[in-house]
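*Asks:* Dropping the structure in here first, questions after.
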Amino acid sequence: MDNFAKQRTLLIIFISVALIYIARLFYIQVVDDSYVFYAQNNVLQEQTIYPARGLIYDRDGELLVYNDAIYDLSVTPDQVKNLDTLSFCKVLNISKEEFLATFARLKRQKGYSPWKPIVFQRQITIPTYAAFQEKLFDFQGFFVEVRTDRKYKHSNAAHVMGYIGEVTDRDIEKSDGYYRMGDFIGISGVEKVYEKELGGIKGTRYVLVDSKNRTQGRYKNGEFDTAATAGQNIHLSINQKLQALGEDLLIGKIGSVVAIEPKTGEVLALVSSPTYDPNLLVGRERGNKYMELLKDPTKPLFNRPISAPYPPGSIFKIIMSLMGQQEKVLNPSTTYGCHHGYLFVGCHPHGSPLQLRGAIAISCNAYFCQVYRSVINNPKYKHVEDAYNEFYKHAYSFGMGHALGIDLYGEGQGVLKKSTYFDKIYGRYRWQALTTISMGIGQGELGITPLQMANATAAVANRGYYITPHIVKKINNHANPNPEYNTKHWTTVDTAYFPIVIEGMQDVVEHGTAYVARIPGIVVCGKTGTAQNPHGKDHSIFFAFAPKDNPKIAIAVVVENAGFGATWAAPIASLMMEQYLTGKHDTRKALLERMLKDNRKPLNDSTTTKAK
Amino acid sequence: MTVQQPKPSRIDWITLLLYYILVIVGLVCIYASVYKETNPNIWDGSQNYGKQLVWIGISSFLGLMILLIDEKFFYAFAYPIFGITIVLLVLVLVAGTTVKGSSSWIEIGSFRIQPAEFAKFGTALALAKFLSGYNVNFEKDRKIQLISAGIIILPMIIILLQNETGSTLVFTSFILVLFREGLPGWILFAGFMLVILAILALLMPPVYIMVGLVFLAIVFLLVVRRTSLLIWITVGVLILSCTMVSSINYVFENVMQVHQRTRINVLLGKQVDIKGAGYNVQQSKIAIGSGGFWGKGFLQGTQNKFRFVPEQSTDFIFCTIGEEYGFFGSFIFVFLYIFLLYRLLMMAERQRQKFNRVYGYSVVCILFFHFVINVGMTLGLMPVIGIPLPFISYGGSALLSFTVLLFIFIRLDANRVNELRGAFD
């Protein structure tokens, strides 16, 4: 090919491309007029369809949380034309300065574009909405978007349900573009843990809009639209009546109640007091109310039952009785004497000596110090460390010292030290049972959350196993799919060792320290605890399950700085068990009134948190 | 020796005129595409058109400088310039700013420059210098061919690493330059067939294509005079093609990135994507298509006013022409552009120095590639590859680099008479 031909080849290529392009231009500009139609209808606007968030019910199908429409005033800044600012401000009831300030703020926002709709004012009131709708025609560029916010039918279980709020920049980044500025997301509680299930999937609608921003119709008959998928409904394992009673009983007290169905690990009630009305954290005032709650010195936002560790006190004697038998250093007829205590651990006056069952009923400190000593100083093991490791293993198997895995954020681990901890303090081989003797009665280096207490009770009630406690019973009417919530976690104590301990727990209620917790017609097994703590008066603790055979409820109650376990915790647990098992809680009027009327411990500023 | 200033009469005024027509058309279109009623001042430096005006000024000044430089400068400094652009490219890789997913920018104050743009004329100069060397025979010498390929491929690799697929592809236009310098025509043809095969392979199952290829080969062998060599070549080509067809899907699924796959699928009509790549093209076609025969008139394009077309002042600038000036305006625009290319082609061919000729062809081919891809993309005929329309699109780096690219050639061309005279001295 000569050079001329080469040049000509290139020229031919140029000209053929030009001809192809001109032909194409002729076709789409002159021949095909469908583009003119699309252009006239000024084309595509993408609208987001927000799915309804899933509803939340209690275990019996009682509705707890539902959705409520709210109205957001949005604006497409570029489309604002000839706005009568004065009348606009009047309708919205804002000053001109506020109007200008809002606009300036919007412009500074991340991702601002004058052609993209942006929320001008969130959650306008219904009267404003109505007034605005009438004049919408005058306010070109503005429009109202309808979304939903949460409403709570009862003012209970705030810590369980949590609340929703607007997404943060981090949520948006993490979601890979799914969430957009102003979307709602679960921020705590079940709303957060089950965001994926409750949230549903947003849909998109493509509409044709004309140059005056009036909707002309669907784009290609909705061929590209995606429908929103509504969030799935959730059934909590909470029993609303029991929850409400628990919260009432704890008014004016600081404390927790956790009730579990032993067979399933389902949490029947999770009370944290002081609490707050979940309806406070919805709507425009969410932020302010949240700050108020945050500043409250009684910490109503703190989820005590799952986070706060308490010294278990005497209820730990139950665990000691079980592991002592398992370690073969204790049997039902083992007898120890009590001379008002053991070393520096004191004890109240009672008959002596005692066997195991009696020691539980009376809650003899000396007896369990002996048990602890024989477990830790067990000659079977070469070193105290090895014996302590067994102790650790047993306590751990009852759910102590680690987060159980409840479906809520912020679960605490409690306190259960490894032997290396004592090695560090006292030196290797330089400590033994007497060094840590107070652990035998649930004091010292032990901490247990109310949830762990209730869980341990459930393990005793089940004669040796527990199922990880959980809050959500059903998602979309199917059982909670998490396999953990359907697995038996066996303790390291044989089933055979449980009955004698349970007899002792029955004695506690029938004629022992918790006589007050007796429920007519139901065999209750329990154990009181009076935990010393360095911050003030003893904590009042009680854990129990009922009925003795085929237990339906296991419960743990902690009332902070309230004195003996039998004074406050035991009656509260008793009333709640009665409510759950019989549906009534007012058969013992005097007791109920004494609990409800408690003004013994006035809380600072708690009136705002629980106004009933 | 005194510097030989070109006499004004020897500058190719037609090219210069076409350049300014296109730049002005570009400015008007940028103005229209970002126009707002509240901000109609074309001198406003905060708006894209104001900035573009500044860039036009800078470009003109730079162009003038180039015209005043001794033409031997470019020959002498071809390799150093190439070297500097390569260093800049590597520098960007290390310390660049990422804009829209491509890390190809260097930030200086409020202005950003994209060294990939400048690599184009750097490579053109280097290639021209290399091929015009003493005793260099591109047609015969395998080593020369390989080094030429190396000069082109080196910047391509670095730019590809910057995630700038569009700019990388621009360098394939050098194949046309090599074609002029002696690359056999069948390679060009084979490359063309390869593209066709690749598109077919993406559209239908490879088995059909293979059957078709075998059929074609048999027909071919039946028609021509069969020699054993020809049979072997045919069989070889057949096997190669079949391998390529069967591997193209693998490359497509595993090597390409998601957005690239989407763009190609959208173009081939296999996938509808009205939010991403498909949305841009759909909106661009609506804008152009709604222009009709005479267009809607200056600033009357509703599609552009409401910003339905994304990137309208940069990659989709042709939409403004199509919508506001209709088929009539588009036709004139395409004609003007092709006329510029034709003019440059004629100028390249009339050079007596090989250096000037190779450089000239490089300019033509680079501009042509940009034109084909950019306009084709807005018409839905080419995949969405983000490269600007030279002289028209908004963007300082692009305008500057295309101006330099073009003006160096005008400067070289202005000297060809002197060379002639020198030959007789």
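Scheme for the structure tokens: letters A, B, ... for chains in order shown; per-chain residue numbers from 1; ligand numbers from 1 in order shown.
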Could you please select, counting only C-alpha atoms, the residues of chain A within 7 Å of chain B and state them as a list of chain:residue names?

*Replies:*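 The selection requested is A:Lys6, A:Leu11, A:Phe14, A:Ala18, A:Ile22, A:Leu25, A:Phe26, A:Ile28, A:Gln29, A:Val30, A:Tyr35, A:Val36, A:Tyr38, A:Ala39, A:Asn42.
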
*Asks:* Excluding Phe318 (chain B) and any residue of its chain fewer than 2 positions from it, enumerate the residues within 9 Å of it, using only C-alpha atoms, and give them as number ranges by chain.

*Replies:* B: 29, 284, 288, 312-313, 315-316, 320-323, 330, 374-375, 378, 389, 392-393

*Asks:* From region 38-273 of chain B, collect each residue whose DSSP state is alpha helix (DSSP H) and return the set as a ChimeraX atom specification.

*Replies:* /B:48-68,72-76,78-95,115-131,142-161,165-170,174-180,185-203,206-223,228-254,258-267

*Asks:* Which neighbours of Leu299 (chain B) fall inside 8 Å, counting only C-alpha atoms, when residues of the same chain fewer than 4 positions from it are skipped, and could you give them as a list in words?

*Replies:*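 The contact residues come out as Ala32, Ser33, Tyr35, Lys305 and Glu324 of chain B.
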
*Asks:* Residues of the last selection are to be written out with N, CA and C atoms, as an mmCIF file, in the first residue's frame.

*Replies:*
data_model
loop_
_atom_site.group_PDB
_atom_site.id
_atom_site.type_symbol
_atom_site.label_atom_id
_atom_site.label_comp_id
_atom_site.auth_asym_id
_atom_site.auth_seq_id
_atom_site.Cartn_x
_atom_site.Cartn_y
_atom_site.Cartn_z
ATOM 1 N N ALA B 32 -24.174 27.414 28.458
ATOM 2 C CA ALA B 32 -25.568 26.971 28.406
ATOM 3 C C ALA B 32 -25.815 25.805 29.358
ATOM 4 N N SER B 33 -24.835 24.965 29.513
ATOM 5 C CA SER B 33 -25.091 23.752 30.302
ATOM 6 C C SER B 33 -25.020 23.997 31.805
ATOM 7 N N TYR B 35 -25.816 27.163 32.958
ATOM 8 C CA TYR B 35 -26.465 28.452 33.095
ATOM 9 C C TYR B 35 -27.550 28.443 34.165
ATOM 10 N N LYS B 305 -31.272 22.438 31.475
ATOM 11 C CA LYS B 305 -31.627 23.350 32.562
ATOM 12 C C LYS B 305 -31.940 22.603 33.838
ATOM 13 N N GLU B 324 -29.822 22.097 21.818
ATOM 14 C CA GLU B 324 -30.117 23.505 21.546
ATOM 15 C C GLU B 324 -30.012 23.874 20.074
#

*Asks:* Neighbours of region 592-595 of chain A within 8 Å (only C-alpha atoms; same-chain residues fewer than 4 positions away dropped), as a PyMOL selection string?

*Replies:* chain A and resi 249+568+571-572+575+585-586+588

*Asks:* Please, what distance in Å, to one decimal, runs between CA of Tyr367 (chain A) and CA of His350 (chain A)?

*Replies:* 11.9 Å

*Asks:* Would you mind reading off the distance between CA of Ile187 (chain B) and CA of Gln145 (chain B), one decimal, in Å?

*Replies:*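 Here the two named atoms are 13.2 Å from each other.
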
*Asks:* To one decimal place, how far is CA of Ile12 (chain A) from CA of Gly360 (chain B) in Å?

*Replies:*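 Between CA of Ile12 (chain A) and CA of Gly360 (chain B) the gap works out to 17.8 Å.
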
*Asks:* Write down as a PyMOL selection string the residues of region 464-589 of chain A whose backbone DSSP state falls under strand (DSSP E or B).

*Replies:* chain A and resi 465-466+470+472-475+478-479+489-490+519+522+525-533+536-546+553-559

*Asks:* Leaving out Ala554 (chain A) and any residue of its chain fewer than 2 positions from it, which residues lie within 8 Å of it when counting only C-alpha atoms, given as a PyMOL selection string?

*Replies:* chain A and resi 259-262+454-455+457-458+461+543-546+551-552+556

*Asks:* With a distance cut-off of 12 Å and only C-alpha atoms, select the neighbouring residues of Leu200 (chain B), excluding the residue or stretch itself and same-chain residues fewer than 3 positions from it, and output the selection as a PyMOL selection string.

*Replies:* chain B and resi 193-197+203-210+212-213+241+244-246+248-249+268
